[in-house]
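One structure is given below, encoded as structure tokens.
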Amino acid sequence: MGLLPAAPAQAPRAAKASRGDFARGDPLLDAALARRGEWPDDASPPGAASLHEVDGVAGRARIMRITFRLIVSLVVVVAVVAATSAWIHVGQDRAQRQDEIERRSRLLALTLQEVVQPLVSEETSERLRGIVEKYANRERLAGVAVYDREGRLLAATAALSGVFAEPPAAVREALSRSVDGSAFVEMGGKEVHLYALPLTDGGGVAHALLIVHDASFIQAQLRQIWLHAFVRVLAQSALITLVTLLVIRWSVFGPIARMAEWMRALRSEGEVRPPEVPKGDLFAPIAREVTTFARHLSAAKAAAEREAGRPRKDEPAGTPEWLKEHVRARLGDKPLFVVSNREPYMHLRRGRDVEVIVPAGGLVTALEPVLRACGGTWIAHGAGDADFEVTDGKGRLQVPPGDPRYTLRRVPLSKEEEQGYYYGFSNEGLWPLCHLAHTRPIFRADDWAQYQRVSEKFATAVLEEVEGLEDPFVLIQDYHFALLPRLLKERRPEIRAALFWHIPWPNPEAFGICPWQRELLQGMLGADLVGFQTQSHCNNFLDTVDAALEARVDWERFGVSKEGHLTLVKPFPISVAFPPVARDPYPTPPRAKDRDTLLKELGVRARFLGVGVDRLDYTKGVLERFRAIERFLEKHPRYQGEFVFVQIGAPSRTYIKRYHDFLAEVEAEAQRINWRFKRKDWRPIVYLEKHHSHEEILPYYLAADLCMITSLHDGMNLVAKEFVASREDGEGVLVLSQFAGASRELRDALIVNPYNAEQGAEAIRYALEMDPEERRARMKAMRETLRENNVYRWAGSLIEELSRLRLREPTPAGSE
């Protein structure tokens, strides 16, 4: 009995909860709403109309009111423009026609002068009146009159005799000043034109001849012009109204409805993919901002749930949110600092505009999602010609543009510093030294001096950024900054510094070529943690240290002790962002184009598509790849006209002669192979030599049957992982060089020796003819590998390892 009265009271509560998108299935939010006595806006009592419907009708009514105001405004503008145009036209037409009447009057007056003047001299009034009456019936000629010197009317057309018995002003002016007189006056309710011509005798002006033309037709024609203008305004207004309604129907109501539906789903289901808005659409900026807001809202909601002690059930390790919490647990409130040569965003001058681009390269691809996730400061060389036009006095700005997540600190370098440190020592010396690509390294003393100078400049920038912070964490990237760890440690020993070496490390004999190998190694050992892509690179580094320096190498712990400082050396295979698809809160990527559309844009036809994406470098094996394609077409001529390979290449380091020559070699090789096999609407290789954004590359990844990575020597090669990450459809085959670090992880790729053209050709054939089940199984396995080892896990493991280290390692007696 006690339960029965409670039932009616609970019914409205249940009805409301069933209608509230926010409350549906969310006890945490239900409780909050219940405490405040509030329900979502779209919750309505039983029997009431849905507020979604009411809001929809009200919203449409508001839009229609706005549309009405817009149409009225456009019509008013059109009317004003048409009226102004008609007014100008009327003025010009009036002036033109008045000039025309005046010319006709003067011409007629001069003609009559020869006839009338002898008659007025003889004072033969009968003959004079006859001449005047003769011109009475001419078209638009109202009449003719003749006056004597005193202004008396001598003869006139009958229509004028009673009107102009007294001489008009034009006649008086002609008699008094001996000049032609002209005027428009009203006569009998209509406008006429008067033209007076003085007639002279030997002693001066003796008479005046008056020509009167009917000018009323001018006003009639002007009224017609105004009428046409009015009709034109009506027609244009109707057309504007129709077009505006259609545009609003297609461009406003549709996107608004999709966005509203997406936001309702967002409230009820969490993160969902935002509606697709065409590029350049009216609502594209709004969609981007709402998407950003939704992402931040999702993160805030997740944080609130964690604070409330209810962790998200769908929060796996290896996501941006996981990394953020992981870094917070290890670093507390301290920010993360990243140092690299290449910046994540570059500002370039394009005429009067400044364009923002994302530079090509695996380092940016890997690290940018990490900084987006956990924030901090990225310190890099400001290489764009407009980079410092958008920063503060210290070279700082917030990035990414439009959705700031972290700080970018740009370091300016002179041309001499960039030439010596970057193009010289780093890329003509260390790069070929570390890559077994048969290019001779070049070392110059001037380049070494610039390398040292730039390292000092970056050390100063880092120390400025970490000033006042206790135990700051600094992640130093790659071979450009081998000296930086020791420079930082000498001034701030409490800094926790990690150096990640993205490229391979050669054996001790090869590295011994460098004249300054000891200085480089000592600089690197200033770091608390040195990371490489693979264990073999770690082994080579420890062998090099053992051979070149007096230090204790601990092979059990994989560490180096020198001068009381321990440096751990470990592999951290870098990866790409790979969040679970169901929780992707980022904007929708560009729509995948079908293969035919892509190839049509390139001017070729084919059934099968291969793709290669590289920064154009002699270590990437592009020439070897082209020769494998050539051999494939030789061995399997049935694929001629059926298979096309798109090579996307971003020019790089073109100031270095070897790179400049390499670009020419790649283009020449592509042209040679195309000349050999090409047909009317087909060529085997489409070579696109320019920088492409990820959004531009993605359609090729999605449409390709295979992706070829044929590096001659590579630390990792993230293009391989990007291709796999992009293939949510589970299709596509990866052909991967055995000399790329990625081949240690992506074992379900077709592994090839890039120097073996026969093997490369066979891999292409096998990829195109592979059984669909095997193809999907291989891709699924590789995607699982990326899911378990994405860039968020990479950063998390690197930071965790660094946070565990003791900064000072006791040195056993006699160990060094």
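To be explicit about the labels: the chains of the structure tokens are called A, B, and onward in the order shown, and within each one the residues are counted from 1, while ligands get numbers from 1 in the order they are shown.
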I'd like the contact shell of Pro504 of chain A - 9 Å cut-off, only C-alpha atoms, skipping same-chain residues fewer than 5 positions apart - returned as a PDB file with N, CA and C atoms, in the first residue's frame.
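Below you can see part-v7.pdb, which holds the result:
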```
ATOM      1  N   CYS A 434      75.399   8.461 -41.060  1.00  0.00           N
ATOM      2  CA  CYS A 434      74.551   7.524 -40.326  1.00  0.00           C
ATOM      3  C   CYS A 434      73.713   6.644 -41.243  1.00  0.00           C
ATOM      4  N   HIS A 435      73.574   7.023 -42.509  1.00  0.00           N
ATOM      5  CA  HIS A 435      72.803   6.211 -43.454  1.00  0.00           C
ATOM      6  C   HIS A 435      73.760   5.502 -44.410  1.00  0.00           C
ATOM      7  N   LEU A 436      73.603   4.209 -44.512  1.00  0.00           N
ATOM      8  CA  LEU A 436      74.442   3.442 -45.423  1.00  0.00           C
ATOM      9  C   LEU A 436      73.845   3.526 -46.825  1.00  0.00           C
ATOM     10  N   PHE A 532      66.830   5.246 -29.327  1.00  0.00           N
ATOM     11  CA  PHE A 532      66.984   4.949 -30.751  1.00  0.00           C
ATOM     12  C   PHE A 532      65.745   4.188 -31.219  1.00  0.00           C
ATOM     13  N   GLN A 533      65.668   3.993 -32.528  1.00  0.00           N
ATOM     14  CA  GLN A 533      64.508   3.307 -33.092  1.00  0.00           C
ATOM     15  C   GLN A 533      64.544   1.799 -32.860  1.00  0.00           C
ATOM     16  N   THR A 534      65.738   1.221 -32.900  1.00  0.00           N
ATOM     17  CA  THR A 534      65.840  -0.242 -32.789  1.00  0.00           C
ATOM     18  C   THR A 534      66.951  -0.620 -31.815  1.00  0.00           C
ATOM     19  N   HIS A 537      70.518  -0.337 -33.255  1.00  0.00           N
ATOM     20  CA  HIS A 537      71.107   1.013 -33.209  1.00  0.00           C
ATOM     21  C   HIS A 537      71.651   1.311 -31.812  1.00  0.00           C
ATOM     22  N   HIS A 713      68.103   2.852 -46.269  1.00  0.00           N
ATOM     23  CA  HIS A 713      68.450   2.787 -44.844  1.00  0.00           C
ATOM     24  C   HIS A 713      67.585   3.823 -44.150  1.00  0.00           C
ATOM     25  N   ASP A 714      66.830   3.425 -43.148  1.00  0.00           N
ATOM     26  CA  ASP A 714      65.886   4.337 -42.505  1.00  0.00           C
ATOM     27  C   ASP A 714      65.747   3.972 -41.040  1.00  0.00           C
ATOM     28  N   GLY A 715      65.717   5.014 -40.200  1.00  0.00           N
ATOM     29  CA  GLY A 715      65.533   4.741 -38.783  1.00  0.00           C
ATOM     30  C   GLY A 715      64.208   4.057 -38.520  1.00  0.00           C
ATOM     31  N   MET A 716      63.111   4.593 -39.081  1.00  0.00           N
ATOM     32  CA  MET A 716      61.791   3.992 -38.911  1.00  0.00           C
ATOM     33  C   MET A 716      61.031   4.017 -40.222  1.00  0.00           C
ATOM     34  N   GLY A 741      63.330   0.745 -40.308  1.00  0.00           N
ATOM     35  CA  GLY A 741      63.050   0.277 -38.957  1.00  0.00           C
ATOM     36  C   GLY A 741      61.635  -0.256 -38.801  1.00  0.00           C
TER      37      GLY A 741
END
```
Using only C-alpha atoms, which protein or nucleic acid residues come within 8 Å of segment 449-458 of chain A? Drop anything in the same chain fewer than 5 positions from it, and give the result as a ChimeraX atom specification.
/A:411,413,416-417,420-422,425-426,481,483-484,487
Using only C-alpha atoms for the distances, tell me which of A:Ala781, A:Ala749, A:Leu529, A:Met259 is nearest to Ser561 of chain A.
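The closest residue to Ser561 of chain A is A:Leu529.
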Please identify the helix (DSSP H, G or I) residues within segment 316-506 of chain A (assignment by DSSP from backbone atoms) and present them as a ChimeraX atom specification.
/A:320-331,362-374,387-389,415-434,445-466,479-481,484-491
Can you tell me, as a count of residues only, what residues are no more than 12 Å from Phe443 of chain A when counting only C-alpha atoms, ignoring any on the same chain fewer than 5 positions away?
21
Need the shell around Asp180 of chain A: protein/DNA/RNA residues with any atom at most 8 Å away, counting only C-alpha atoms. Skip same-chain ones fewer than 3 positions apart. Format as a PyMOL selection string?
chain A and resi 170+173-174+195-198
Restrict the selected residues to all heavy atoms and save them as a PDB file, in the first residue's frame.
```
ATOM      1  N   ALA A 170      14.537  84.769 -75.560  1.00  0.00           N
ATOM      2  CA  ALA A 170      15.559  84.337 -76.516  1.00  0.00           C
ATOM      3  C   ALA A 170      15.655  85.327 -77.672  1.00  0.00           C
ATOM      4  O   ALA A 170      16.749  85.634 -78.169  1.00  0.00           O
ATOM      5  CB  ALA A 170      15.231  82.943 -77.042  1.00  0.00           C
ATOM      6  N   GLU A 173      17.301  88.575 -76.476  1.00  0.00           N
ATOM      7  CA  GLU A 173      18.757  88.380 -76.355  1.00  0.00           C
ATOM      8  C   GLU A 173      19.424  88.428 -77.724  1.00  0.00           C
ATOM      9  O   GLU A 173      20.501  89.014 -77.887  1.00  0.00           O
ATOM     10  CB  GLU A 173      19.043  87.030 -75.672  1.00  0.00           C
ATOM     11  CG  GLU A 173      20.532  86.778 -75.429  1.00  0.00           C
ATOM     12  CD  GLU A 173      20.783  85.454 -74.746  1.00  0.00           C
ATOM     13  OE1 GLU A 173      19.838  84.645 -74.625  1.00  0.00           O
ATOM     14  OE2 GLU A 173      21.935  85.224 -74.334  1.00  0.00           O
ATOM     15  N   ALA A 174      18.813  87.820 -78.715  1.00  0.00           N
ATOM     16  CA  ALA A 174      19.396  87.835 -80.065  1.00  0.00           C
ATOM     17  C   ALA A 174      19.438  89.235 -80.632  1.00  0.00           C
ATOM     18  O   ALA A 174      20.413  89.634 -81.298  1.00  0.00           O
ATOM     19  CB  ALA A 174      18.591  86.918 -80.976  1.00  0.00           C
ATOM     20  N   TYR A 195      14.519  78.799 -80.474  1.00  0.00           N
ATOM     21  CA  TYR A 195      15.854  79.121 -80.985  1.00  0.00           C
ATOM     22  C   TYR A 195      15.722  80.418 -81.784  1.00  0.00           C
ATOM     23  O   TYR A 195      14.977  80.481 -82.766  1.00  0.00           O
ATOM     24  CB  TYR A 195      16.403  78.016 -81.872  1.00  0.00           C
ATOM     25  CG  TYR A 195      17.811  78.282 -82.330  1.00  0.00           C
ATOM     26  CD1 TYR A 195      18.888  77.990 -81.508  1.00  0.00           C
ATOM     27  CD2 TYR A 195      18.059  78.861 -83.591  1.00  0.00           C
ATOM     28  CE1 TYR A 195      20.183  78.238 -81.923  1.00  0.00           C
ATOM     29  CE2 TYR A 195      19.354  79.103 -83.995  1.00  0.00           C
ATOM     30  CZ  TYR A 195      20.419  78.796 -83.157  1.00  0.00           C
ATOM     31  OH  TYR A 195      21.699  79.077 -83.565  1.00  0.00           O
ATOM     32  N   ALA A 196      16.458  81.462 -81.370  1.00  0.00           N
ATOM     33  CA  ALA A 196      16.402  82.775 -82.031  1.00  0.00           C
ATOM     34  C   ALA A 196      17.722  83.054 -82.714  1.00  0.00           C
ATOM     35  O   ALA A 196      18.784  82.981 -82.081  1.00  0.00           O
ATOM     36  CB  ALA A 196      16.074  83.872 -81.021  1.00  0.00           C
ATOM     37  N   LEU A 197      17.642  83.407 -84.030  1.00  0.00           N
ATOM     38  CA  LEU A 197      18.841  83.691 -84.824  1.00  0.00           C
ATOM     39  C   LEU A 197      18.785  85.163 -85.256  1.00  0.00           C
ATOM     40  O   LEU A 197      17.829  85.600 -85.898  1.00  0.00           O
ATOM     41  CB  LEU A 197      18.889  82.796 -86.072  1.00  0.00           C
ATOM     42  CG  LEU A 197      20.062  83.016 -87.015  1.00  0.00           C
ATOM     43  CD1 LEU A 197      21.376  82.570 -86.365  1.00  0.00           C
ATOM     44  CD2 LEU A 197      19.841  82.262 -88.324  1.00  0.00           C
ATOM     45  N   PRO A 198      19.795  85.967 -84.897  1.00  0.00           N
ATOM     46  CA  PRO A 198      19.791  87.379 -85.335  1.00  0.00           C
ATOM     47  C   PRO A 198      20.056  87.476 -86.848  1.00  0.00           C
ATOM     48  O   PRO A 198      20.930  86.780 -87.369  1.00  0.00           O
ATOM     49  CB  PRO A 198      20.917  87.999 -84.512  1.00  0.00           C
ATOM     50  CG  PRO A 198      21.831  86.873 -84.175  1.00  0.00           C
ATOM     51  CD  PRO A 198      20.957  85.649 -84.085  1.00  0.00           C
TER      52      PRO A 198
END
```
